[in-house]
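Printed here is my_file-v9.pdb (PDB, C-alpha atoms and all ligand atoms):
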```
ATOM      1  CA  MET A 622      20.482 -14.032   3.335
ATOM      2  CA  ASP A 623      19.707 -17.327   1.589
ATOM      3  CA  HIS A 624      16.590 -18.070  -0.453
ATOM      4  CA  LYS A 625      14.858 -20.117   2.262
ATOM      5  CA  GLU A 626      15.299 -17.410   4.897
ATOM      6  CA  LEU A 627      14.192 -14.656   2.548
ATOM      7  CA  THR A 628      11.105 -16.659   1.541
ATOM      8  CA  GLY A 629      10.285 -17.197   5.233
ATOM      9  CA  HIS A 630      10.417 -13.451   5.881
ATOM     10  CA  PHE A 631       8.113 -12.704   2.935
ATOM     11  CA  LEU A 632       5.726 -15.362   4.237
ATOM     12  CA  GLU A 633       5.678 -13.693   7.655
ATOM     13  CA  LEU A 634       5.093 -10.303   6.031
ATOM     14  CA  ILE A 635       2.083 -11.682   4.135
ATOM     15  CA  ARG A 636       0.722 -13.317   7.305
ATOM     16  CA  ARG A 637       0.971 -10.038   9.194
ATOM     17  CA  ALA A 638      -0.664  -8.058   6.407
ATOM     18  CA  SER A 639      -3.572 -10.484   6.149
ATOM     19  CA  THR A 640      -4.263 -11.034   9.836
ATOM     20  CA  VAL A 641      -3.237  -7.923  11.809
ATOM     21  CA  VAL A 642      -4.936  -4.546  11.459
ATOM     22  CA  PRO A 643      -2.237  -1.835  11.182
ATOM     23  CA  PRO A 644      -1.991   0.454  14.269
ATOM     24  CA  ASP A 645      -2.840   3.635  12.339
ATOM     25  CA  VAL A 646      -6.023   2.032  10.972
ATOM     26  CA  GLU A 647      -7.068   0.756  14.382
ATOM     27  CA  LYS A 648      -6.486   4.223  15.844
ATOM     28  CA  ALA A 649      -8.599   5.846  13.116
ATOM     29  CA  ILE A 650     -11.465   3.386  13.660
ATOM     30  CA  ARG A 651     -11.323   4.050  17.428
ATOM     31  CA  GLN A 652     -11.472   7.787  16.706
ATOM     32  CA  GLY A 653     -14.495   7.102  14.489
ATOM     33  CA  ILE A 654     -16.260   5.320  17.375
ATOM     34  CA  GLU A 655     -15.648   8.349  19.602
ATOM     35  CA  ASN A 656     -16.877  10.778  16.944
ATOM     36  CA  GLU A 657     -20.041   8.790  16.267
ATOM     37  CA  GLY A 658     -21.033   8.609  19.938
ATOM     38  CA  GLU A 659     -22.249   5.785  22.131
ATOM     39  CA  GLY A 660     -25.415   3.940  21.119
ATOM     40  CA  THR A 661     -25.320   4.901  17.450
ATOM     41  CA  THR A 662     -25.496   2.332  14.659
ATOM     42  CA  ALA A 663     -22.279   3.741  13.253
ATOM     43  CA  ALA A 664     -20.380   3.305  16.536
ATOM     44  CA  SER A 665     -21.711  -0.275  16.893
ATOM     45  CA  THR A 666     -20.664  -1.096  13.339
ATOM     46  CA  LEU A 667     -17.148   0.238  13.900
ATOM     47  CA  THR A 668     -16.904  -1.643  17.210
ATOM     48  CA  LEU A 669     -17.842  -4.863  15.419
ATOM     49  CA  LEU A 670     -15.118  -4.257  12.866
ATOM     50  CA  LEU A 671     -12.531  -3.964  15.637
ATOM     51  CA  GLU A 672     -13.843  -7.099  17.371
ATOM     52  CA  ASN A 673     -13.489  -8.933  14.077
ATOM     53  CA  CYS A 674      -9.892  -7.667  13.783
ATOM     54  CA  ASP A 675      -9.048  -8.843  17.322
ATOM     55  CA  LYS A 676     -10.380 -12.318  16.574
ATOM     56  CA  ALA A 677      -8.452 -12.487  13.297
ATOM     57  CA  SER A 678      -5.220 -11.419  14.936
ATOM     58  CA  ASP A 679      -5.629 -13.862  17.880
ATOM     59  CA  ALA A 680      -6.292 -16.805  15.563
ATOM     60  CA  SER A 681      -3.884 -15.667  12.816
ATOM     61  CA  THR A 682      -6.708 -15.842  10.288
ATOM     62  CA  PRO A 683      -7.535 -13.265   7.579
ATOM     63  CA  ILE A 684      -9.295 -10.060   8.654
ATOM     64  CA  CYS A 685     -11.635 -10.455   5.650
ATOM     65  CA  GLN A 686     -12.465 -13.474   3.490
ATOM     66  CA  ASP A 687     -11.337 -11.566   0.402
ATOM     67  CA  THR A 688      -7.602 -11.342   0.990
ATOM     68  CA  GLY A 689      -7.285  -9.263  -2.138
ATOM     69  CA  ALA A 690      -4.520  -8.720  -4.637
ATOM     70  CA  LEU A 691      -0.919  -8.516  -3.418
ATOM     71  CA  TYR A 692       0.933  -5.260  -4.145
ATOM     72  CA  PHE A 693       4.608  -5.237  -3.245
ATOM     73  CA  PHE A 694       6.636  -2.018  -3.387
ATOM     74  CA  ILE A 695      10.295  -2.922  -2.956
ATOM     75  CA  ASP A 696      13.308  -0.643  -2.533
ATOM     76  CA  TYR A 697      16.370  -2.836  -2.945
ATOM     77  CA  GLY A 698      20.105  -2.254  -2.631
ATOM     78  CA  PRO A 699      23.056  -3.647  -4.588
ATOM     79  CA  ASP A 700      23.100  -6.820  -2.440
ATOM     80  CA  TYR A 701      19.768  -7.998  -3.946
ATOM     81  CA  ARG A 702      18.560  -8.859  -7.444
ATOM     82  CA  GLN A 703      15.013  -8.527  -8.777
ATOM     83  CA  LYS A 704      14.912 -12.156  -9.972
ATOM     84  CA  GLN A 705      15.930 -13.427  -6.541
ATOM     85  CA  LEU A 706      13.274 -11.284  -4.841
ATOM     86  CA  ARG A 707      10.546 -12.261  -7.296
ATOM     87  CA  GLU A 708      11.245 -15.977  -6.792
ATOM     88  CA  ALA A 709      11.124 -15.639  -2.996
ATOM     89  CA  ILE A 710       7.875 -13.626  -3.166
ATOM     90  CA  GLU A 711       6.215 -16.149  -5.462
ATOM     91  CA  GLU A 712       7.188 -19.067  -3.260
ATOM     92  CA  ALA A 713       6.005 -17.227  -0.128
ATOM     93  CA  THR A 714       2.712 -16.330  -1.844
ATOM     94  CA  ALA A 715       1.988 -19.970  -2.738
ATOM     95  CA  GLU A 716       2.865 -21.061   0.802
ATOM     96  CA  ALA A 717       0.712 -18.307   2.347
ATOM     97  CA  THR A 718      -2.203 -19.570   0.247
ATOM     98  CA  ALA A 719      -1.591 -23.165   1.360
ATOM     99  CA  ASN A 720      -1.530 -21.917   4.998
ATOM    100  CA  TYR A 721      -4.891 -20.088   4.483
ATOM    101  CA  TYR A 722      -3.402 -16.636   5.101
ATOM    102  CA  LEU A 723      -4.568 -15.881   1.571
ATOM    103  CA  ARG A 724      -7.648 -16.981  -0.362
ATOM    104  CA  PRO A 725      -6.866 -18.330  -3.845
ATOM    105  CA  ASN A 726      -7.583 -15.122  -5.740
ATOM    106  CA  ALA A 727      -5.881 -15.435  -9.139
ATOM    107  CA  VAL A 728      -8.304 -16.285 -11.947
ATOM    108  CA  ASP A 729      -7.250 -16.849 -15.573
ATOM    109  CA  SER A 730      -9.238 -14.161 -17.411
ATOM    110  CA  VAL A 731      -9.646 -16.335 -20.552
ATOM    111  CA  THR A 732     -10.465 -19.769 -19.103
ATOM    112  CA  GLY A 733     -11.953 -18.648 -15.768
ATOM    113  CA  LYS A 734      -9.754 -21.180 -13.952
ATOM    114  CA  ASN A 735      -8.390 -20.212 -10.540
ATOM    115  CA  SER A 736      -4.664 -20.972 -10.270
ATOM    116  CA  GLY A 737      -5.233 -22.008  -6.649
ATOM    117  CA  ASN A 738      -2.064 -20.413  -5.295
ATOM    118  CA  ASN A 739      -2.370 -16.680  -6.083
ATOM    119  CA  LEU A 740       0.238 -16.957  -8.821
ATOM    120  CA  GLY A 741      -0.457 -16.167 -12.465
ATOM    121  CA  ALA A 742       0.110 -13.650 -15.226
ATOM    122  CA  GLY A 743       0.630 -10.258 -13.576
ATOM    123  CA  THR A 744       0.182 -11.487 -10.029
ATOM    124  CA  PRO A 745       1.509 -10.835  -7.446
ATOM    125  CA  ILE A 746       2.107  -7.222  -8.463
ATOM    126  CA  ILE A 747       5.651  -6.083  -7.682
ATOM    127  CA  HIS A 748       7.038  -2.565  -8.093
ATOM    128  CA  PHE A 749      10.839  -2.531  -7.833
ATOM    129  CA  HIS A 750      12.859   0.586  -7.035
ATOM    130  CA  GLU A 751      16.651   0.337  -7.047
ATOM    131  CA  ARG A 752      18.568   2.275  -4.386
ATOM    132  CA  ASP A 753      22.248   2.778  -3.409
ATOM    133  CA  GLU A 754      21.921   1.616   0.189
ATOM    134  CA  ASP A 755      22.278  -2.138   0.897
ATOM    135  CA  GLY A 756      19.288  -4.109   2.132
ATOM    136  CA  LEU A 757      15.552  -3.970   1.517
ATOM    137  CA  ARG A 758      12.553  -1.879   2.371
ATOM    138  CA  VAL A 759       9.362  -3.768   1.526
ATOM    139  CA  ARG A 760       5.871  -2.322   1.644
ATOM    140  CA  LEU A 761       2.993  -4.732   1.082
ATOM    141  CA  MET A 762      -0.678  -3.974   0.610
ATOM    142  CA  LEU A 763      -3.493  -6.518   0.216
ATOM    143  CA  LYS A 764      -6.326  -4.826  -1.651
ATOM    144  CA  GLY A 765      -9.756  -6.451  -1.808
ATOM    145  CA  GLY A 766     -11.851  -6.761  -4.970
ATOM    146  CA  GLY A 767     -14.902  -4.889  -3.634
ATOM    147  CA  SER A 768     -12.853  -1.778  -2.997
ATOM    148  CA  GLU A 769     -10.958  -2.164  -6.268
ATOM    149  CA  ASN A 770     -14.275  -2.222  -8.152
ATOM    150  CA  VAL A 771     -15.216   1.215  -6.804
ATOM    151  CA  SER A 772     -11.891   2.875  -7.615
ATOM    152  CA  LEU A 773     -12.367   5.287 -10.514
ATOM    153  CA  GLN A 774     -10.517   7.403 -13.050
ATOM    154  CA  TYR A 775     -11.697  10.800 -14.346
ATOM    155  CA  LYS A 776     -10.528  12.975 -17.199
ATOM    156  CA  LEU A 777     -10.736  16.736 -16.645
ATOM    157  CA  PRO A 778     -12.638  18.748 -17.646
ATOM    158  CA  ASP A 779     -15.688  16.699 -16.695
ATOM    159  CA  GLY A 780     -19.017  18.155 -17.870
ATOM    160  CA  ARG A 781     -21.193  15.917 -15.678
ATOM    161  CA  LEU A 782     -19.426  17.099 -12.521
ATOM    162  CA  LYS A 783     -18.868  20.644 -13.796
ATOM    163  CA  ALA A 784     -15.248  20.003 -12.873
ATOM    164  CA  GLY A 785     -12.527  22.109 -14.477
ATOM    165  CA  ARG A 786      -8.806  21.567 -14.798
ATOM    166  CA  ASP A 787      -7.870  22.761 -11.335
ATOM    167  CA  MET A 788      -7.772  21.516  -7.761
ATOM    168  CA  ASP A 789     -11.462  22.278  -7.301
ATOM    169  CA  GLY A 790     -12.128  20.016 -10.289
ATOM    170  CA  VAL A 791      -9.992  17.324  -8.662
ATOM    171  CA  ARG A 792     -11.977  17.731  -5.428
ATOM    172  CA  LYS A 793     -15.272  17.230  -7.278
ATOM    173  CA  CYS A 794     -13.957  13.985  -8.811
ATOM    174  CA  VAL A 795     -12.845  12.545  -5.476
ATOM    175  CA  ILE A 796     -16.118  13.421  -3.740
ATOM    176  CA  ASP A 797     -18.022  11.856  -6.649
ATOM    177  CA  ALA A 798     -15.974   8.646  -6.359
ATOM    178  CA  ILE A 799     -16.681   8.443  -2.610
ATOM    179  CA  PHE A 800     -20.377   9.129  -3.209
ATOM    180  CA  GLN A 801     -20.559   6.407  -5.869
ATOM    181  CA  ALA A 802     -18.768   3.900  -3.621
ATOM    182  CA  GLN A 803     -21.436   4.080  -0.937
ATOM    183  CA  GLY A 804     -22.802   0.698   0.104
ATOM    184  CA  LYS A 805     -20.283  -1.127  -2.093
ATOM    185  CA  GLY A 806     -16.693  -0.628  -0.990
ATOM    186  CA  CYS A 807     -17.185  -1.638   2.689
ATOM    187  CA  SER A 808     -16.780   1.778   4.247
ATOM    188  CA  PRO A 809     -15.197   3.458   6.092
ATOM    189  CA  GLY A 810     -12.427   3.403   3.539
ATOM    190  CA  VAL A 811      -9.318   5.346   2.706
ATOM    191  CA  VAL A 812      -8.923   7.120  -0.624
ATOM    192  CA  GLY A 813      -5.617   7.393  -2.444
ATOM    193  CA  VAL A 814      -5.686  10.102  -5.110
ATOM    194  CA  GLY A 815      -3.442  10.315  -8.159
ATOM    195  CA  ILE A 816      -3.521  13.813  -9.665
ATOM    196  CA  GLY A 817      -2.171  14.094 -13.202
ATOM    197  CA  GLY A 818       0.210  11.580 -14.772
ATOM    198  CA  ASN A 819      -1.044   9.274 -17.496
ATOM    199  CA  ARG A 820      -3.768   6.615 -17.404
ATOM    200  CA  ASP A 821      -1.452   4.037 -15.825
ATOM    201  CA  THR A 822       0.811   6.192 -13.642
ATOM    202  CA  SER A 823      -2.173   8.112 -12.286
ATOM    203  CA  TYR A 824      -3.754   4.879 -11.015
ATOM    204  CA  SER A 825      -0.547   3.382  -9.641
ATOM    205  CA  GLY A 826       0.367   6.721  -8.033
ATOM    206  CA  ALA A 827      -3.033   6.746  -6.303
ATOM    207  CA  LYS A 828      -2.404   3.229  -4.970
ATOM    208  CA  GLU A 829       1.045   4.087  -3.655
ATOM    209  CA  GLN A 830      -0.518   6.925  -1.609
ATOM    210  CA  LEU A 831      -2.369   4.244   0.346
ATOM    211  CA  LEU A 832       0.922   3.094   1.858
ATOM    212  CA  ARG A 833       1.318   6.336   3.801
ATOM    213  CA  ASP A 834       0.598   6.487   7.520
ATOM    214  CA  LEU A 835      -2.978   7.623   8.133
ATOM    215  CA  GLY A 836      -1.785  10.166  10.692
ATOM    216  CA  ASP A 837       0.859  11.816   8.514
ATOM    217  CA  THR A 838       0.634  15.264   6.918
ATOM    218  CA  ASN A 839       1.360  15.717   3.234
ATOM    219  CA  PRO A 840       4.688  17.577   2.884
ATOM    220  CA  ASP A 841       3.147  19.707   0.103
ATOM    221  CA  PRO A 842       1.050  22.361   1.916
ATOM    222  CA  GLU A 843      -1.439  22.642  -0.945
ATOM    223  CA  LEU A 844      -2.010  18.883  -1.023
ATOM    224  CA  ALA A 845      -2.198  18.797   2.792
ATOM    225  CA  LYS A 846      -4.978  21.401   2.628
ATOM    226  CA  PHE A 847      -6.695  19.436  -0.150
ATOM    227  CA  GLU A 848      -6.588  16.178   1.849
ATOM    228  CA  ALA A 849      -8.075  17.831   4.964
ATOM    229  CA  GLN A 850     -10.795  19.555   2.933
ATOM    230  CA  VAL A 851     -11.865  16.406   1.063
ATOM    231  CA  LEU A 852     -11.793  14.316   4.251
ATOM    232  CA  ALA A 853     -14.104  16.780   6.030
ATOM    233  CA  GLU A 854     -16.422  17.052   3.029
ATOM    234  CA  ALA A 855     -16.595  13.266   2.536
ATOM    235  CA  ASN A 856     -17.436  12.746   6.196
ATOM    236  CA  SER A 857     -20.267  15.263   5.946
ATOM    237  CA  LEU A 858     -22.023  13.180   3.262
ATOM    238  CA  GLY A 859     -23.725  11.041   5.942
ATOM    239  CA  ILE A 860     -22.884   7.712   4.272
ATOM    240  CA  GLY A 861     -21.175   6.269   7.360
ATOM    241  CA  PRO A 862     -19.747   2.830   8.142
ATOM    242  CA  MET A 863     -21.058   0.181   5.716
ATOM    243  CA  GLY A 864     -23.338   2.826   4.214
ATOM    244  CA  LEU A 865     -25.663   2.693   7.248
ATOM    245  CA  GLY A 866     -25.344   6.398   8.004
ATOM    246  CA  GLY A 867     -22.923   8.347  10.171
ATOM    247  CA  LYS A 868     -19.998  10.707  10.232
ATOM    248  CA  THR A 869     -17.279   8.159   9.435
ATOM    249  CA  THR A 870     -17.405   7.570   5.682
ATOM    250  CA  VAL A 871     -13.655   7.699   5.086
ATOM    251  CA  LEU A 872     -10.754   7.350   7.510
ATOM    252  CA  GLY A 873      -8.321   9.263   5.368
ATOM    253  CA  VAL A 874      -7.577  10.927   2.042
ATOM    254  CA  LYS A 875      -4.006  10.777   0.690
ATOM    255  CA  ALA A 876      -3.091  12.593  -2.500
ATOM    256  CA  GLY A 877      -0.041  12.773  -4.735
ATOM    257  CA  ALA A 878       0.520  14.814  -7.886
ATOM    258  CA  MET A 879       2.445  14.012 -11.053
ATOM    259  CA  HIS A 880       3.331  16.096 -14.080
ATOM    260  CA  ARG A 881       0.978  15.524 -17.024
ATOM    261  CA  LEU A 882       0.777  16.084 -20.743
ATOM    262  CA  PRO A 883      -0.748  19.453 -21.691
ATOM    263  CA  ALA A 884      -3.629  17.597 -23.378
ATOM    264  CA  CYS A 885      -4.393  15.264 -20.444
ATOM    265  CA  PHE A 886      -5.583  15.770 -16.885
ATOM    266  CA  PHE A 887      -6.401  12.489 -15.188
ATOM    267  CA  VAL A 888      -7.625  12.092 -11.627
ATOM    268  CA  SER A 889      -7.544   8.560 -10.231
ATOM    269  CA  THR A 890      -8.962   7.290  -6.981
ATOM    270  CA  ALA A 891      -7.736   4.121  -5.294
ATOM    271  CA  TYR A 892     -10.398   3.293  -2.743
ATOM    272  CA  VAL A 893      -9.515   0.805  -0.041
ATOM    273  CA  CYS A 894     -12.051  -0.570   2.420
ATOM    274  CA  TRP A 895     -11.817  -0.658   6.240
ATOM    275  CA  ALA A 896      -9.894  -3.958   5.833
ATOM    276  CA  TYR A 897      -6.950  -1.761   4.946
ATOM    277  CA  ARG A 898      -4.191  -4.329   5.039
ATOM    278  CA  LYS A 899      -0.630  -3.175   4.795
ATOM    279  CA  ALA A 900       2.613  -4.370   6.379
ATOM    280  CA  PHE A 901       6.215  -3.247   6.127
ATOM    281  CA  MET A 902       9.561  -4.984   6.444
ATOM    282  CA  SER A 903      13.163  -3.748   6.530
ATOM    283  CA  VAL A 904      16.165  -5.989   5.938
ATOM    284  CA  LYS A 905      19.753  -5.007   6.655
ATOM    285  CA  GLY A 906      22.258  -7.874   6.445
ATOM    286  CA  SER A 907      20.701 -10.614   8.574
ATOM    287  CA  GLU A 908      18.603  -8.153  10.627
ATOM    288  CA  VAL A 909      14.906  -8.108   9.812
ATOM    289  CA  SER A 910      12.255  -5.877  11.333
ATOM    290  CA  TYR A 911       8.515  -5.623  10.696
ATOM    291  CA  ASP A 912       6.443  -2.494  11.250
TER     292      ASP A 912
HETATM  293  S1  LIG B1001     -14.317  -4.587   0.144
HETATM  294 FE1  LIG B1001     -12.819  -5.037   1.787
HETATM  295  S2  LIG B1001     -13.993  -5.543   3.640
HETATM  296 FE2  LIG B1001     -15.365  -5.630   1.827
HETATM  297  S3  LIG B1001     -15.343  -7.797   1.236
HETATM  298 FE3  LIG B1001     -13.779  -6.751   0.007
HETATM  299  S4  LIG B1001     -11.868  -6.949   1.154
HETATM  300 FE4  LIG B1001     -13.537  -7.448   2.560
END
```
Take the structure in the file and write it out as structure tokens.
Ligand code: SF4
Amino acid sequence: MDHKELTGHFLELIRRASTVVPPDVEKAIRQGIENEGEGTTAASTLTLLLENCDKASDASTPICQDTGALYFFIDYGPDYRQKQLREAIEEATAEATANYYLRPNAVDSVTGKNSGNNLGAGTPIIHFHERDEDGLRVRLMLKGGGSENVSLQYKLPDGRLKAGRDMDGVRKCVIDAIFQAQGKGCSPGVVGVGIGGNRDTSYSGAKEQLLRDLGDTNPDPELAKFEAQVLAEANSLGIGPMGLGGKTTVLGVKAGAMHRLPACFFVSTAYVCWAYRKAFMSVKGSEVSYD
């Protein structure tokens, strides 16, 4: 596939991520409306969110004004090179900004100047994974600033939370993060959890969890139990959509564990708001599919 074609496919992937609510998220919001019950503020709020999504998708305009930071996770085969992929992504990102699929969101941290095209030092964020099979598998997430601001990292043991170095300690951290996010991260959100690892891998592991399907079950039975328990507990806090009260505070909890140093036990939460924008693309030869 030549550079122009590849760039065009990345542009389409960005457009889809920014303007179309993923089916698993839509399904979870609809379930939330049913759980909240007709006539409640929570159900009305969730209904408004879906109406907003329909309008965005019909007009091909962003679901939310903050189109967030771009996170690409790319599995690539021997027929692709990282440099080639990076160049196509950067060109597509600038074009997506010019087409208003993305808000200019890259600010120079020293001068305060916005680059105007979402390109700059460290952005877009691209994680490359080499594989043996030809072709590409691309997962893209657009993560808004409000939800990024309420993502947190803990170090166990934590005296304030009375949280020890075990899964119950991890649970206390995640519930605390959800409690602290209320009214700020545009709930209902989804929480990715990174258990263990180091400062950096714990956070990036938590983010990668957000690319899972909301309806899936963790293949690790202990983590599956943990996710279900934290989801139920979070939704009993009464925070509700946009912090206005209700049973739908989070749409999902997705956790992954990494080995850690004996001296360290980090727990990271990657909170993402209801504008949970993700899109996927597979490329095999000249065949391209989006899902
Ligand atoms: S937190 Fe999410 S929904 Fe709220 S303003 Fe940011 S991107 Fe939009």
_Non-local contacts of range 897-902 of chain A (10 Å; only C-alpha atoms; under 3 positions in same chain excluded) as a PyMOL selection string_ = chain A and resi 630-631+633-643+646-647+683-685+688-689+691-695+757-765+768+809-811+831-833+892-894+909-912
Dump of C-alpha atoms for the selected residues, as a PDB file, keeping the file's coordinate frame:
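Saved to again.pdb:
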```pdb
ATOM      1  CA  HIS A 630      10.417 -13.451   5.881  1.00  0.00           C
ATOM      2  CA  PHE A 631       8.113 -12.704   2.935  1.00  0.00           C
ATOM      3  CA  GLU A 633       5.678 -13.693   7.655  1.00  0.00           C
ATOM      4  CA  LEU A 634       5.093 -10.303   6.031  1.00  0.00           C
ATOM      5  CA  ILE A 635       2.083 -11.682   4.135  1.00  0.00           C
ATOM      6  CA  ARG A 636       0.722 -13.317   7.305  1.00  0.00           C
ATOM      7  CA  ARG A 637       0.971 -10.038   9.194  1.00  0.00           C
ATOM      8  CA  ALA A 638      -0.664  -8.058   6.407  1.00  0.00           C
ATOM      9  CA  SER A 639      -3.572 -10.484   6.149  1.00  0.00           C
ATOM     10  CA  THR A 640      -4.263 -11.034   9.836  1.00  0.00           C
ATOM     11  CA  VAL A 641      -3.237  -7.923  11.809  1.00  0.00           C
ATOM     12  CA  VAL A 642      -4.936  -4.546  11.459  1.00  0.00           C
ATOM     13  CA  PRO A 643      -2.237  -1.835  11.182  1.00  0.00           C
ATOM     14  CA  VAL A 646      -6.023   2.032  10.972  1.00  0.00           C
ATOM     15  CA  GLU A 647      -7.068   0.756  14.382  1.00  0.00           C
ATOM     16  CA  PRO A 683      -7.535 -13.265   7.579  1.00  0.00           C
ATOM     17  CA  ILE A 684      -9.295 -10.060   8.654  1.00  0.00           C
ATOM     18  CA  CYS A 685     -11.635 -10.455   5.650  1.00  0.00           C
ATOM     19  CA  THR A 688      -7.602 -11.342   0.990  1.00  0.00           C
ATOM     20  CA  GLY A 689      -7.285  -9.263  -2.138  1.00  0.00           C
ATOM     21  CA  LEU A 691      -0.919  -8.516  -3.418  1.00  0.00           C
ATOM     22  CA  TYR A 692       0.933  -5.260  -4.145  1.00  0.00           C
ATOM     23  CA  PHE A 693       4.608  -5.237  -3.245  1.00  0.00           C
ATOM     24  CA  PHE A 694       6.636  -2.018  -3.387  1.00  0.00           C
ATOM     25  CA  ILE A 695      10.295  -2.922  -2.956  1.00  0.00           C
ATOM     26  CA  LEU A 757      15.552  -3.970   1.517  1.00  0.00           C
ATOM     27  CA  ARG A 758      12.553  -1.879   2.371  1.00  0.00           C
ATOM     28  CA  VAL A 759       9.362  -3.768   1.526  1.00  0.00           C
ATOM     29  CA  ARG A 760       5.871  -2.322   1.644  1.00  0.00           C
ATOM     30  CA  LEU A 761       2.993  -4.732   1.082  1.00  0.00           C
ATOM     31  CA  MET A 762      -0.678  -3.974   0.610  1.00  0.00           C
ATOM     32  CA  LEU A 763      -3.493  -6.518   0.216  1.00  0.00           C
ATOM     33  CA  LYS A 764      -6.326  -4.826  -1.651  1.00  0.00           C
ATOM     34  CA  GLY A 765      -9.756  -6.451  -1.808  1.00  0.00           C
ATOM     35  CA  SER A 768     -12.853  -1.778  -2.997  1.00  0.00           C
ATOM     36  CA  PRO A 809     -15.197   3.458   6.092  1.00  0.00           C
ATOM     37  CA  GLY A 810     -12.427   3.403   3.539  1.00  0.00           C
ATOM     38  CA  VAL A 811      -9.318   5.346   2.706  1.00  0.00           C
ATOM     39  CA  LEU A 831      -2.369   4.244   0.346  1.00  0.00           C
ATOM     40  CA  LEU A 832       0.922   3.094   1.858  1.00  0.00           C
ATOM     41  CA  ARG A 833       1.318   6.336   3.801  1.00  0.00           C
ATOM     42  CA  TYR A 892     -10.398   3.293  -2.743  1.00  0.00           C
ATOM     43  CA  VAL A 893      -9.515   0.805  -0.041  1.00  0.00           C
ATOM     44  CA  CYS A 894     -12.051  -0.570   2.420  1.00  0.00           C
ATOM     45  CA  VAL A 909      14.906  -8.108   9.812  1.00  0.00           C
ATOM     46  CA  SER A 910      12.255  -5.877  11.333  1.00  0.00           C
ATOM     47  CA  TYR A 911       8.515  -5.623  10.696  1.00  0.00           C
ATOM     48  CA  ASP A 912       6.443  -2.494  11.250  1.00  0.00           C
TER      49      ASP A 912
END
```
Which residues would end up in the selection if the PyMOL selection byres (((chain A and resi 712) around 12) and not hetatm) were applied here, given that I need the answer as a PDB file with C-alpha atoms, in the frame of the given file?
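To be explicit, this is the file written out as out.pdb:
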```
ATOM      1  CA  HIS A 624      16.590 -18.070  -0.453  1.00  0.00           C
ATOM      2  CA  LYS A 625      14.858 -20.117   2.262  1.00  0.00           C
ATOM      3  CA  GLU A 626      15.299 -17.410   4.897  1.00  0.00           C
ATOM      4  CA  LEU A 627      14.192 -14.656   2.548  1.00  0.00           C
ATOM      5  CA  THR A 628      11.105 -16.659   1.541  1.00  0.00           C
ATOM      6  CA  GLY A 629      10.285 -17.197   5.233  1.00  0.00           C
ATOM      7  CA  HIS A 630      10.417 -13.451   5.881  1.00  0.00           C
ATOM      8  CA  PHE A 631       8.113 -12.704   2.935  1.00  0.00           C
ATOM      9  CA  LEU A 632       5.726 -15.362   4.237  1.00  0.00           C
ATOM     10  CA  ILE A 635       2.083 -11.682   4.135  1.00  0.00           C
ATOM     11  CA  GLN A 705      15.930 -13.427  -6.541  1.00  0.00           C
ATOM     12  CA  LEU A 706      13.274 -11.284  -4.841  1.00  0.00           C
ATOM     13  CA  ARG A 707      10.546 -12.261  -7.296  1.00  0.00           C
ATOM     14  CA  GLU A 708      11.245 -15.977  -6.792  1.00  0.00           C
ATOM     15  CA  ALA A 709      11.124 -15.639  -2.996  1.00  0.00           C
ATOM     16  CA  ILE A 710       7.875 -13.626  -3.166  1.00  0.00           C
ATOM     17  CA  GLU A 711       6.215 -16.149  -5.462  1.00  0.00           C
ATOM     18  CA  ALA A 713       6.005 -17.227  -0.128  1.00  0.00           C
ATOM     19  CA  THR A 714       2.712 -16.330  -1.844  1.00  0.00           C
ATOM     20  CA  ALA A 715       1.988 -19.970  -2.738  1.00  0.00           C
ATOM     21  CA  GLU A 716       2.865 -21.061   0.802  1.00  0.00           C
ATOM     22  CA  ALA A 717       0.712 -18.307   2.347  1.00  0.00           C
ATOM     23  CA  THR A 718      -2.203 -19.570   0.247  1.00  0.00           C
ATOM     24  CA  ALA A 719      -1.591 -23.165   1.360  1.00  0.00           C
ATOM     25  CA  ASN A 738      -2.064 -20.413  -5.295  1.00  0.00           C
ATOM     26  CA  ASN A 739      -2.370 -16.680  -6.083  1.00  0.00           C
ATOM     27  CA  LEU A 740       0.238 -16.957  -8.821  1.00  0.00           C
ATOM     28  CA  PRO A 745       1.509 -10.835  -7.446  1.00  0.00           C
TER      29      PRO A 745
END
```
_Just checking: using only C-alpha atoms and all ligand atoms, which residue out of A:His750, A:Lys875, A:Arg724, A:Arg820 ends up closest to ligand LIG 1001 (chain B)?_
A:Arg724
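Reported to one decimal place, the separation of CA of Gln801 in chain A from CA of Ala784 in chain A is 16.2 Å.
Reported to one decimal place, the separation of CA of Ala876 in chain A from CA of Ala845 in chain A is 8.2 Å.
For the residues A:His880, A:Lys783, A:Arg651, A:Lys805, ranking by smallest atom-to-atom distance to ligand LIG 1001 (chain B) using only C-alpha atoms and all ligand atoms places A:Lys805 first.
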*Which residue, A:Glu908, A:Asp753, A:Glu829, A:Asp687, has the smallest gap to ligand LIG 1001 (chain B) when you use all atoms listed in the file?*
A:Asp687
Six-sided padding of 4 Å per side, axis-aligned box over ligand LIG 1001 (chain B), centre and edges in Å, one decimal, as JSON:
```
{"center_x": -13.6, "center_y": -6.2, "center_z": 1.8, "size_x": 11.5, "size_y": 11.2, "size_z": 11.6}
```
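Take the candidates A:Leu852, A:Ala690, A:Leu872, A:Leu782 and check each one against ligand LIG 1001 (chain B) using only C-alpha atoms and all ligand atoms; the shortest distance goes to A:Ala690.
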_Measuring between only C-alpha atoms, which one of A:Ser907, A:Thr732, A:Gln686, A:Asn770 shows the shortest distance to Met622 in chain A?_
A:Ser907
